[in-house]
$ cat work28.txt   # compact mmCIF, C-alpha atoms and all ligand atoms
# COMPACT_ATOMS: atom_id res chain seq x y z
CA MET A 5 -70.60 -129.67 -96.89
CA ALA A 6 -71.99 -126.33 -97.95
CA GLU A 7 -75.68 -126.19 -98.77
CA LEU A 8 -74.80 -124.60 -102.07
CA PHE A 9 -73.44 -127.84 -103.39
CA ASP A 10 -76.53 -129.76 -102.38
CA LYS A 11 -78.57 -127.67 -104.80
CA LEU A 12 -76.78 -128.36 -108.06
CA PRO A 13 -77.23 -127.28 -110.77
CA PHE A 14 -76.95 -123.68 -109.69
CA GLU A 15 -79.29 -121.00 -110.95
CA ASN A 16 -77.64 -118.68 -113.46
CA LEU A 17 -75.03 -121.32 -114.07
CA TYR A 18 -73.09 -119.56 -116.82
CA TRP A 19 -70.87 -116.52 -116.49
CA ASN A 20 -71.62 -115.39 -120.05
CA GLN A 21 -73.18 -116.51 -123.30
CA MET A 22 -69.86 -117.47 -124.88
CA GLU A 23 -69.94 -120.68 -122.85
CA THR A 24 -73.11 -121.88 -124.58
CA LEU A 25 -72.66 -120.64 -128.15
CA PRO A 26 -74.25 -123.07 -130.64
CA PRO A 27 -71.48 -124.98 -132.44
CA SER A 28 -72.19 -123.34 -135.82
CA GLU A 29 -71.92 -119.85 -134.31
CA LEU A 30 -68.78 -120.84 -132.44
CA ARG A 31 -67.14 -122.06 -135.66
CA GLU A 32 -68.06 -118.81 -137.43
CA LEU A 33 -66.59 -116.76 -134.58
CA GLN A 34 -63.45 -118.91 -134.49
CA THR A 35 -62.91 -118.44 -138.23
CA LEU A 36 -63.25 -114.66 -138.01
CA ARG A 37 -60.94 -114.51 -135.00
CA LEU A 38 -58.42 -116.84 -136.65
CA ARG A 39 -58.10 -114.43 -139.59
CA ARG A 40 -57.40 -111.54 -137.20
CA ALA A 41 -54.97 -113.67 -135.23
CA VAL A 42 -53.01 -114.48 -138.39
CA GLU A 43 -52.73 -110.77 -139.20
CA ARG A 44 -51.34 -110.14 -135.70
CA ALA A 45 -48.97 -113.10 -135.89
CA LYS A 46 -47.45 -111.70 -139.08
CA GLU A 47 -45.97 -108.94 -136.88
CA LEU A 48 -44.06 -111.43 -134.73
CA PRO A 49 -40.41 -111.97 -135.75
CA LEU A 50 -40.98 -115.62 -134.84
CA TYR A 51 -43.27 -116.10 -137.85
CA ARG A 52 -41.72 -113.61 -140.31
CA ASP A 53 -39.91 -116.22 -142.40
CA PHE A 54 -42.97 -118.45 -142.60
CA PHE A 55 -45.28 -115.73 -143.87
CA ALA A 56 -42.62 -114.44 -146.28
CA LYS A 57 -42.65 -117.89 -147.92
CA ASN A 58 -46.41 -118.43 -147.39
CA PRO A 59 -48.29 -115.16 -148.02
CA LEU A 60 -51.60 -116.35 -146.62
CA SER A 61 -54.68 -114.11 -146.72
CA ASP A 62 -58.21 -114.14 -145.27
CA ALA A 63 -59.39 -116.27 -148.17
CA ASP A 64 -57.16 -119.09 -146.98
CA PHE A 65 -59.06 -119.33 -143.68
CA GLN A 66 -62.61 -120.48 -144.34
CA SER A 67 -62.99 -122.72 -141.26
CA PRO A 68 -61.26 -123.33 -137.91
CA GLU A 69 -59.57 -126.40 -139.45
CA ASP A 70 -57.61 -124.07 -141.75
CA VAL A 71 -55.41 -123.43 -138.73
CA ARG A 72 -53.50 -126.45 -140.10
CA ARG A 73 -52.05 -124.15 -142.78
CA LEU A 74 -50.04 -122.47 -140.03
CA PRO A 75 -46.68 -123.49 -138.54
CA LEU A 76 -46.26 -125.25 -135.21
CA THR A 77 -44.55 -123.34 -132.39
CA THR A 78 -42.36 -124.84 -129.67
CA GLU A 79 -41.25 -123.45 -126.32
CA THR A 80 -37.64 -123.54 -127.55
CA GLN A 81 -38.56 -121.21 -130.40
CA LEU A 82 -40.15 -118.79 -127.94
CA LEU A 83 -37.06 -118.82 -125.73
CA ASP A 84 -34.92 -118.03 -128.77
CA GLN A 85 -36.94 -114.84 -129.33
CA TYR A 86 -36.47 -113.52 -125.79
CA PRO A 87 -37.22 -110.82 -124.89
CA ALA A 88 -38.63 -108.17 -127.25
CA GLY A 89 -39.11 -110.39 -130.28
CA LEU A 90 -42.05 -111.89 -128.47
CA TRP A 91 -44.77 -109.27 -128.72
CA THR A 92 -46.87 -107.97 -131.55
CA VAL A 93 -47.80 -104.53 -130.21
CA PRO A 94 -45.77 -101.38 -129.40
CA ARG A 95 -44.10 -101.40 -126.00
CA HIS A 96 -46.52 -98.84 -124.55
CA GLU A 97 -49.44 -101.22 -125.18
CA ILE A 98 -47.94 -103.96 -122.98
CA ALA A 99 -49.85 -103.89 -119.70
CA ARG A 100 -48.37 -106.88 -117.88
CA LEU A 101 -45.35 -109.18 -118.17
CA TYR A 102 -44.73 -112.54 -116.52
CA ALA A 103 -41.25 -114.05 -116.55
CA GLN A 104 -41.22 -117.80 -115.95
CA LYS A 105 -38.39 -119.70 -114.29
CA ASN A 106 -37.49 -121.39 -117.56
CA GLY A 107 -37.10 -118.04 -119.34
CA LEU A 108 -40.54 -118.01 -120.92
CA LEU A 109 -41.96 -114.50 -121.11
CA THR A 110 -45.73 -113.96 -121.20
CA ALA A 111 -47.03 -110.52 -122.21
CA LEU A 112 -50.57 -109.13 -122.01
CA THR A 113 -52.26 -105.93 -123.20
CA ARG A 114 -55.05 -104.31 -121.17
CA GLN A 115 -57.58 -106.19 -123.31
CA ASP A 116 -55.71 -109.46 -122.68
CA VAL A 117 -55.86 -108.79 -118.94
CA GLN A 118 -59.62 -108.34 -119.28
CA THR A 119 -59.91 -111.60 -121.22
CA GLN A 120 -57.96 -113.38 -118.48
CA ALA A 121 -60.37 -111.98 -115.89
CA ASP A 122 -63.35 -113.20 -117.90
CA LEU A 123 -61.97 -116.74 -118.27
CA THR A 124 -61.23 -116.99 -114.56
CA ALA A 125 -64.68 -115.65 -113.67
CA ARG A 126 -66.17 -118.39 -115.88
CA LEU A 127 -64.43 -121.15 -113.97
CA MET A 128 -65.25 -119.74 -110.55
CA TYR A 129 -68.85 -118.73 -111.18
CA GLY A 130 -69.67 -122.02 -112.87
CA THR A 131 -68.66 -123.92 -109.75
CA GLY A 132 -70.34 -121.76 -107.17
CA THR A 133 -68.39 -118.61 -106.33
CA ARG A 134 -70.85 -115.77 -105.76
CA SER A 135 -70.67 -112.03 -104.99
CA ASN A 136 -71.10 -112.49 -101.23
CA HIS A 137 -68.14 -114.86 -100.94
CA PHE A 138 -64.71 -114.25 -99.44
CA VAL A 139 -62.03 -116.15 -101.37
CA GLN A 140 -58.43 -116.48 -100.29
CA ILE A 141 -55.69 -116.68 -102.94
CA SER A 142 -52.80 -118.82 -101.78
CA LEU A 143 -51.08 -119.03 -105.17
CA ASN A 144 -48.29 -116.63 -106.08
CA PHE A 145 -47.48 -114.94 -109.35
CA ASP A 146 -45.61 -117.70 -111.12
CA ARG A 147 -47.23 -119.70 -113.92
CA ALA A 148 -48.23 -116.55 -115.85
CA GLY A 149 -49.58 -114.87 -112.76
CA ALA A 150 -52.08 -117.43 -111.49
CA GLY A 151 -52.58 -115.26 -108.41
CA PHE A 152 -53.45 -112.22 -110.53
CA ALA A 153 -55.77 -114.33 -112.67
CA TYR A 154 -57.77 -115.58 -109.71
CA GLN A 155 -57.91 -112.12 -108.17
CA ALA A 156 -59.33 -110.69 -111.42
CA GLY A 157 -61.93 -113.47 -111.63
CA ILE A 158 -63.02 -113.02 -108.02
CA GLU A 159 -63.37 -109.28 -108.42
CA SER A 160 -65.26 -109.64 -111.72
CA ILE A 161 -67.85 -111.72 -109.88
CA GLY A 162 -68.01 -109.10 -107.14
CA ALA A 163 -66.67 -111.42 -104.45
CA ALA A 164 -63.86 -110.37 -102.10
CA ALA A 165 -60.31 -111.48 -102.85
CA ILE A 166 -57.92 -112.12 -99.96
CA PRO A 167 -54.38 -112.38 -101.37
CA GLN A 168 -52.04 -114.37 -99.13
CA GLY A 169 -48.58 -112.86 -99.19
CA GLY A 170 -46.40 -109.99 -98.04
CA GLU A 171 -47.56 -108.61 -94.70
CA ASN A 172 -50.65 -110.80 -94.90
CA ALA A 173 -48.56 -113.96 -94.77
CA GLU A 174 -47.96 -113.81 -91.06
CA ILE A 175 -51.63 -113.21 -90.27
CA LEU A 176 -52.73 -115.94 -92.65
CA SER A 177 -50.24 -118.39 -91.18
CA ALA A 178 -52.78 -118.91 -88.40
CA PRO A 179 -55.48 -120.06 -90.80
CA THR A 180 -57.99 -121.42 -88.33
CA ASP A 181 -58.53 -118.07 -86.69
CA PHE A 182 -58.38 -116.06 -89.87
CA LEU A 183 -60.45 -118.25 -92.17
CA ASN A 184 -63.10 -119.04 -89.61
CA SER A 185 -63.38 -115.57 -88.09
CA LEU A 186 -64.13 -114.12 -91.52
CA ASN A 187 -66.12 -117.17 -92.64
CA VAL A 188 -63.97 -117.41 -95.77
CA ASN A 189 -65.85 -119.50 -98.35
CA GLY A 190 -63.22 -120.59 -100.81
CA ILE A 191 -59.52 -120.78 -101.58
CA CYS A 192 -57.43 -120.75 -104.75
CA ALA A 193 -54.46 -123.00 -104.15
CA ASP A 194 -52.57 -126.03 -105.35
CA THR A 195 -52.69 -129.18 -103.26
CA LYS A 196 -49.41 -128.36 -101.51
CA CYS A 197 -50.75 -124.96 -100.38
CA LEU A 198 -53.96 -126.64 -99.26
CA ALA A 199 -52.05 -129.19 -97.25
CA ASP A 200 -50.11 -126.36 -95.55
CA VAL A 201 -53.34 -124.53 -94.70
CA PHE A 202 -54.96 -127.60 -93.25
CA SER A 203 -51.89 -128.78 -91.38
CA GLY A 204 -51.68 -125.30 -89.78
CA ALA A 205 -55.31 -125.62 -88.78
CA GLY A 206 -54.91 -129.09 -87.39
CA CYS A 207 -56.95 -130.28 -90.37
CA GLN A 208 -60.26 -129.62 -88.63
CA SER A 209 -63.25 -127.34 -88.81
CA LEU A 210 -62.26 -124.73 -91.38
CA SER A 211 -65.02 -122.60 -92.90
CA LEU A 212 -63.87 -123.35 -96.45
CA ASP A 213 -66.50 -124.84 -98.78
CA TYR A 214 -64.44 -125.13 -101.94
CA ALA A 215 -60.99 -124.89 -103.49
CA HIS A 216 -60.09 -123.93 -107.06
CA VAL A 217 -57.04 -126.01 -107.94
CA PRO A 218 -54.87 -126.26 -111.08
CA VAL A 219 -55.29 -129.74 -112.54
CA GLY A 220 -52.36 -132.10 -112.08
CA PRO A 221 -51.53 -135.71 -111.20
CA GLU A 222 -51.22 -134.86 -107.50
CA VAL A 223 -54.94 -134.05 -107.36
CA LEU A 224 -56.44 -136.11 -110.18
CA ASN A 225 -55.86 -139.47 -108.58
CA ARG A 226 -56.87 -138.60 -105.04
CA ARG A 227 -59.46 -135.85 -105.25
CA GLY A 228 -62.13 -137.84 -103.43
CA GLU A 229 -59.76 -138.69 -100.61
CA LEU A 230 -58.68 -135.04 -100.23
CA GLU A 231 -62.27 -133.77 -100.33
CA ASP A 232 -63.27 -136.20 -97.60
CA ARG A 233 -60.24 -135.37 -95.49
CA TRP A 234 -60.71 -131.59 -95.73
CA ASN A 235 -64.51 -131.51 -96.07
CA LEU A 236 -64.63 -129.25 -99.12
CA LYS A 237 -65.16 -129.45 -102.88
CA ILE A 238 -62.11 -129.31 -105.15
CA TRP A 239 -62.73 -127.79 -108.61
CA LEU A 240 -60.14 -128.15 -111.34
CA ASN A 241 -58.99 -125.90 -114.16
CA TRP A 242 -56.09 -125.85 -116.58
CA SER A 243 -53.98 -123.23 -118.31
CA HIS A 244 -50.55 -123.06 -119.91
CA PRO A 245 -48.19 -120.29 -118.70
CA ALA A 246 -47.30 -119.32 -122.27
CA PHE A 247 -50.85 -117.95 -122.48
CA PHE A 248 -52.66 -117.25 -119.20
CA GLY A 249 -52.47 -117.97 -115.47
CA ALA A 250 -55.80 -119.77 -115.20
CA GLY A 251 -59.00 -120.63 -117.00
CA MET A 252 -58.11 -122.00 -120.46
CA ALA A 253 -60.10 -125.16 -119.66
CA ASN A 254 -62.55 -125.24 -116.79
CA GLU A 255 -64.41 -127.97 -114.98
CA CYS A 256 -68.19 -127.77 -114.69
CA TYR A 257 -70.18 -129.17 -111.78
CA LEU A 258 -70.59 -132.50 -113.59
CA ARG A 259 -66.83 -133.17 -113.38
CA CYS A 260 -66.45 -135.08 -116.60
CA GLY A 261 -63.50 -133.34 -118.21
CA LEU A 262 -62.56 -129.66 -118.44
CA HIS A 263 -64.50 -127.47 -120.91
CA LEU A 264 -62.13 -125.87 -123.41
CA GLN A 265 -62.66 -122.11 -123.80
CA GLU A 266 -62.91 -122.35 -127.56
CA ASP A 267 -63.99 -118.79 -128.29
CA VAL A 268 -60.57 -117.62 -127.03
CA PHE A 269 -58.31 -120.46 -128.23
CA LEU A 270 -58.26 -123.13 -130.94
CA PHE A 271 -57.33 -126.54 -129.57
CA GLU A 272 -56.00 -129.47 -131.61
CA ILE A 273 -54.79 -132.94 -130.71
CA LEU A 274 -51.85 -134.11 -132.83
CA ASN A 275 -50.03 -137.38 -133.22
CA PRO A 276 -46.65 -136.32 -131.76
CA GLN A 277 -44.75 -138.46 -134.28
CA THR A 278 -46.54 -137.64 -137.53
CA LEU A 279 -47.90 -134.24 -136.36
CA GLU A 280 -51.17 -135.14 -138.06
CA CYS A 281 -54.46 -134.31 -136.33
CA VAL A 282 -56.10 -137.18 -134.50
CA GLU A 283 -59.84 -137.59 -134.03
CA ASP A 284 -61.67 -136.53 -130.91
CA GLY A 285 -61.60 -139.36 -128.41
CA LEU A 286 -58.03 -140.43 -129.19
CA PRO A 287 -54.93 -139.35 -127.24
CA GLY A 288 -52.28 -137.06 -128.64
CA GLU A 289 -50.38 -133.84 -127.97
CA LEU A 290 -52.48 -130.80 -127.07
CA VAL A 291 -51.73 -127.86 -129.38
CA VAL A 292 -53.12 -124.34 -128.77
CA THR A 293 -53.59 -121.29 -131.03
CA ASP A 294 -54.41 -117.82 -129.71
CA LEU A 295 -57.61 -116.36 -131.17
CA THR A 296 -57.84 -113.10 -129.26
CA ARG A 297 -54.62 -112.39 -127.38
CA GLU A 298 -53.10 -109.15 -128.66
CA ALA A 299 -49.66 -108.95 -127.08
CA GLN A 300 -48.35 -112.35 -128.19
CA THR A 301 -50.34 -114.25 -130.76
CA LEU A 302 -49.03 -117.81 -130.67
CA LEU A 303 -49.83 -120.20 -133.51
CA ARG A 304 -50.25 -123.93 -132.87
CA PHE A 305 -48.16 -123.96 -129.68
CA ARG A 306 -47.08 -127.47 -128.72
CA THR A 307 -47.78 -127.95 -125.01
CA GLY A 308 -46.01 -131.30 -124.73
CA LEU A 309 -49.04 -132.60 -122.82
CA THR A 310 -50.88 -135.76 -123.80
CA ALA A 311 -54.62 -135.28 -123.74
CA VAL A 312 -57.94 -136.55 -125.10
CA ILE A 313 -60.76 -134.29 -126.29
CA ASN A 314 -64.37 -135.39 -125.83
CA SER A 315 -66.78 -133.67 -128.25
CA ALA A 316 -69.98 -135.27 -126.89
CA PRO A 317 -72.48 -132.71 -125.54
CA CYS A 318 -72.29 -132.08 -121.79
CA ALA A 319 -75.50 -132.03 -119.75
CA CYS A 320 -74.44 -128.72 -118.17
CA GLY A 321 -75.26 -126.99 -121.46
CA ARG A 322 -71.79 -125.64 -122.20
CA THR A 323 -70.81 -126.26 -125.79
CA GLY A 324 -67.03 -126.19 -125.39
CA ARG A 325 -65.53 -129.65 -125.88
CA ARG A 326 -63.98 -131.28 -122.83
CA VAL A 327 -60.33 -132.20 -122.32
CA THR A 328 -58.85 -134.91 -120.13
CA PHE A 329 -55.11 -135.04 -119.51
CA VAL A 330 -53.32 -138.33 -119.88
CA SER A 331 -49.73 -137.46 -119.02
CA GLY A 332 -47.15 -134.70 -118.91
CA GLN A 333 -49.32 -132.45 -116.74
ZN ZN B 401 -70.25 -129.47 -118.49

$ encode --input "work28.txt" --output "structure tokens" --more "lines below"
Ligand SMILES: [Zn+2]
Amino acid sequence: MAELFDKLPFENLYWNQMETLPPSELRELQTLRLRRAVERAKELPLYRDFFAKNPLSDADFQSPEDVRRLPLTTETQLLDQYPAGLWTVPRHEIARLYAQKNGLLTALTRQDVQTQADLTARLMYGTGTRSNHFVQISLNFDRAGAGFAYQAGIESIGAAAIPQGGENAEILSAPTDFLNSLNVNGICADTKCLADVFSGAGCQSLSLDYAHVPVGPEVLNRRGELEDRWNLKIWLNWSHPAFFGAGMANECYLRCGLHLQEDVFLFEILNPQTLECVEDGLPGELVVTDLTREAQTLLRFRTGLTAVINSAPCACGRTGRRVTFVSGQ
């Protein structure tokens, strides 16, 4: 195993100060950003009827909990708005579009692209990626451009990104030679991609020290076994394709839940039957509200995922609460 991981915690552990904002400052920031988000959401046809009947103003949002004044949003509602009813800015301000297989359309402005890069840099830097690393990206551009997201994070850190695809695919199909000859440090991949890489290499002696993997049942229950088999560390993160390709909740080196990036999103857990909020520590449906995204400000989006939020402080020093997924992921 790489020496790096024998020296935890790392020096300069945090990518930026937003990860360690004191809770009172975080709440203040969330409230300010929520007010701006509501103003943006009023431009979306999806919410026009709601705000016509409920003319809410800044004064109605005095705390993050006032998000409960806003309507819930479902994926079906988003699909009904396809395509151009889904963004809040003029067409020329859209910098990137991701079409999902199910018809979901995710739009980003240039600032949103930068935010995505920052969130992905947080997850990678916090688990050991450094500027002298080579990192292969074996994910493609589905799920709101996970490949793009990882590339932006790697390049923000100053590391080298090695996208696997196109003309590269043939070269990278001989992973033992390629990965080891360049001493590639890490890989961004799901467990199926990882299995392909290691089966091509005969499952032995790759230079890889770590893998950044989207969280899911196929890795949650057998991470230790996979790490032992492939002799690397597997770090988990979560995102929903209606928002970003990676980095909405990121694991720290202590591996006790994924830190929610609460300066960029508001997260709630609701009882899926009553739609009432449940306390931290109890399971329910994870609901997400955009705080900063410009192109598509989504209010209280129902992910359909069952999760538990842990608000106890984490010894890593990050102040974002931690999420654990129970089902539906
Ligand atoms: Zn932590």

$ closest_atom_pairs --input "work28.txt" --of "chain A" --to "ligand ZN 401 (chain B)" --cutoff "10 Å" --atoms "all atoms listed in the file" --output "Markdown table"
| residue | atom | partner | partner_atom | distance |
| --- | --- | --- | --- | --- |
| A:Glu23 | CA | B:ZN401 | ZN | 9.8 |
| A:Gly130 | CA | B:ZN401 | ZN | 9.4 |
| A:Asn254 | CA | B:ZN401 | ZN | 8.9 |
| A:Glu255 | CA | B:ZN401 | ZN | 7.0 |
| A:Cys256 | CA | B:ZN401 | ZN | 4.6 |
| A:Tyr257 | CA | B:ZN401 | ZN | 6.7 |
| A:Leu258 | CA | B:ZN401 | ZN | 5.8 |
| A:Arg259 | CA | B:ZN401 | ZN | 7.2 |
| A:Cys260 | CA | B:ZN401 | ZN | 7.0 |
| A:Gly261 | CA | B:ZN401 | ZN | 7.8 |
| A:Leu262 | CA | B:ZN401 | ZN | 7.7 |
| A:His263 | CA | B:ZN401 | ZN | 6.6 |
| A:Pro317 | CA | B:ZN401 | ZN | 8.1 |
| A:Cys318 | CA | B:ZN401 | ZN | 4.7 |
| A:Ala319 | CA | B:ZN401 | ZN | 6.0 |
| A:Cys320 | CA | B:ZN401 | ZN | 4.3 |
| A:Gly321 | CA | B:ZN401 | ZN | 6.3 |
| A:Arg322 | CA | B:ZN401 | ZN | 5.6 |
| A:Thr323 | CA | B:ZN401 | ZN | 8.0 |
| A:Gly324 | CA | B:ZN401 | ZN | 8.3 |
| A:Arg325 | CA | B:ZN401 | ZN | 8.8 |
| A:Arg326 | CA | B:ZN401 | ZN | 7.8 |

$ write_last_selection --input "work28.txt" --atoms "C-alpha atoms" --output "tab-separated table (two decimals), in the frame of the given file"
chain	number	residue	atom	x	y	z
A	23	GLU	CA	-69.94	-120.68	-122.85
A	130	GLY	CA	-69.67	-122.02	-112.87
A	254	ASN	CA	-62.55	-125.24	-116.79
A	255	GLU	CA	-64.41	-127.97	-114.98
A	256	CYS	CA	-68.19	-127.77	-114.69
A	257	TYR	CA	-70.18	-129.17	-111.78
A	258	LEU	CA	-70.59	-132.50	-113.59
A	259	ARG	CA	-66.83	-133.17	-113.38
A	260	CYS	CA	-66.45	-135.08	-116.60
A	261	GLY	CA	-63.50	-133.34	-118.21
A	262	LEU	CA	-62.56	-129.66	-118.44
A	263	HIS	CA	-64.50	-127.47	-120.91
A	317	PRO	CA	-72.48	-132.71	-125.54
A	318	CYS	CA	-72.29	-132.08	-121.79
A	319	ALA	CA	-75.50	-132.03	-119.75
A	320	CYS	CA	-74.44	-128.72	-118.17
A	321	GLY	CA	-75.26	-126.99	-121.46
A	322	ARG	CA	-71.79	-125.64	-122.20
A	323	THR	CA	-70.81	-126.26	-125.79
A	324	GLY	CA	-67.03	-126.19	-125.39
A	325	ARG	CA	-65.53	-129.65	-125.88
A	326	ARG	CA	-63.98	-131.28	-122.83

$ residues_around --input "work28.txt" --residues "Thr278 in chain A" --least-positions-apart "4" --cutoff "12 Å" --atoms "all atoms listed in the file" --output "CSV table (one decimal) with C-alpha atoms, in the frame of the given file"
chain,number,residue,atom,x,y,z
A,273,ILE,CA,-54.8,-132.9,-130.7
A,274,LEU,CA,-51.8,-134.1,-132.8
A,282,VAL,CA,-56.1,-137.2,-134.5
A,288,GLY,CA,-52.3,-137.1,-128.6
A,289,GLU,CA,-50.4,-133.8,-128.0

$ residues_around --input "work28.txt" --residues "Val93 in chain A" --least-positions-apart "3" --cutoff "9 Å" --atoms "all atoms listed in the file" --output "PyMOL selection string"
chain A and resi 44+47+96-98+113+298-300

$ closest_residue --input "work28.txt" --among "A:Pro221, A:Gly249, A:Pro27, A:Gly190" --to "Ala121 in chain A" --atoms "all atoms listed in the file"
A:Gly249

$ atom_distance --input "work28.txt" --atom1 "CA of Gln155 in chain A" --atom2 "CA of Lys196 in chain A"
19.5 Å

$ closest_residue --input "work28.txt" --among "A:Val223, A:Asp116, A:Gln265, A:Ala215" --to "Leu25 in chain A" --atoms "all atoms listed in the file"
A:Gln265

$ closest_residue --input "work28.txt" --among "A:Leu76, A:Leu112, A:Leu224, A:Val117" --to "Val291 in chain A" --atoms "all atoms listed in the file"
A:Leu76

$ atom_distance --input "work28.txt" --atom1 "CA of Ala111 in chain A" --atom2 "CA of Asn144 in chain A"
17.3 Å

$ axis_aligned_box --input "work28.txt" --around "range 208-226 of chain A" --padding-each-side "8 Å" --output "JSON"
{"center_x": -58.9, "center_y": -131.0, "center_z": -100.6, "size_x": 31.3, "size_y": 32.9, "size_z": 39.9}

$ atom_distance --input "work28.txt" --atom1 "CA of Pro218 in chain A" --atom2 "CA of Asn241 in chain A"
5.2 Å

$ closest_residue --input "work28.txt" --among "A:Thr293, A:Gln21, A:Thr124, A:Ser61" --to "Thr78 in chain A" --atoms "only C-alpha atoms"
A:Thr293

$ residues_near_point --input "work28.txt" --point "(-60.1, -131.9, -99.6)" --cutoff "10 Å" --atoms "all atoms listed in the file" --output "MDAnalysis selection string"
chainID A and resid 195 198:199 202 207 212:215 223 226:238

$ closest_residue --input "work28.txt" --among "A:Val139, A:Gln34, A:Asn187, A:Tyr18" --to "Asp70 in chain A" --atoms "only C-alpha atoms"
A:Gln34

$ residues_near_point --input "work28.txt" --point "(-47.5, -116.0, -131.5)" --cutoff "12 Å" --atoms "all atoms listed in the file" --output "number ranges by chain"
A: 41-52, 74-79, 81-82, 85, 89-93, 109-111, 246-247, 292-306

$ closest_residue --input "work28.txt" --among "A:Ser135, A:Asn225, A:Ser67, A:Thr119" --to "Leu33 in chain A" --atoms "all atoms listed in the file"
A:Ser67

$ build_atoms --input "work28.txt" --residues "range 216-229 of chain A" --atoms "N, CA and C atoms" --output "short mmCIF file (atom, residue, chain, number, x, y, z; two decimals), in the frame of the given file"
data_model
loop_
_atom_site.label_atom_id
_atom_site.label_comp_id
_atom_site.auth_asym_id
_atom_site.auth_seq_id
_atom_site.Cartn_x
_atom_site.Cartn_y
_atom_site.Cartn_z
N HIS A 216 -60.37 -123.91 -105.63
CA HIS A 216 -60.09 -123.93 -107.06
C HIS A 216 -58.62 -124.30 -107.23
N VAL A 217 -58.38 -125.41 -107.92
CA VAL A 217 -57.04 -126.01 -107.94
C VAL A 217 -56.61 -126.26 -109.38
N PRO A 218 -55.37 -125.89 -109.75
CA PRO A 218 -54.87 -126.26 -111.08
C PRO A 218 -54.81 -127.78 -111.22
N VAL A 219 -55.26 -128.29 -112.36
CA VAL A 219 -55.29 -129.74 -112.54
C VAL A 219 -53.86 -130.29 -112.59
N GLY A 220 -53.67 -131.47 -112.06
CA GLY A 220 -52.36 -132.10 -112.08
C GLY A 220 -52.47 -133.48 -111.49
N PRO A 221 -51.45 -134.33 -111.68
CA PRO A 221 -51.53 -135.71 -111.20
C PRO A 221 -51.69 -135.80 -109.69
N GLU A 222 -51.15 -134.79 -108.96
CA GLU A 222 -51.22 -134.86 -107.50
C GLU A 222 -52.64 -134.69 -106.98
N VAL A 223 -53.55 -134.19 -107.81
CA VAL A 223 -54.94 -134.05 -107.36
C VAL A 223 -55.87 -134.99 -108.12
N LEU A 224 -55.52 -135.32 -109.37
CA LEU A 224 -56.44 -136.11 -110.18
C LEU A 224 -56.73 -137.48 -109.57
N ASN A 225 -55.70 -138.10 -109.04
CA ASN A 225 -55.86 -139.47 -108.58
C ASN A 225 -56.38 -139.60 -107.16
N ARG A 226 -56.46 -138.50 -106.44
CA ARG A 226 -56.87 -138.60 -105.04
C ARG A 226 -57.80 -137.48 -104.62
N ARG A 227 -58.57 -136.97 -105.58
CA ARG A 227 -59.46 -135.85 -105.25
C ARG A 227 -60.49 -136.26 -104.19
N GLY A 228 -61.11 -137.42 -104.39
CA GLY A 228 -62.13 -137.84 -103.43
C GLY A 228 -61.58 -137.96 -102.02
N GLU A 229 -60.39 -138.53 -101.93
CA GLU A 229 -59.76 -138.69 -100.61
C GLU A 229 -59.49 -137.33 -99.97
#
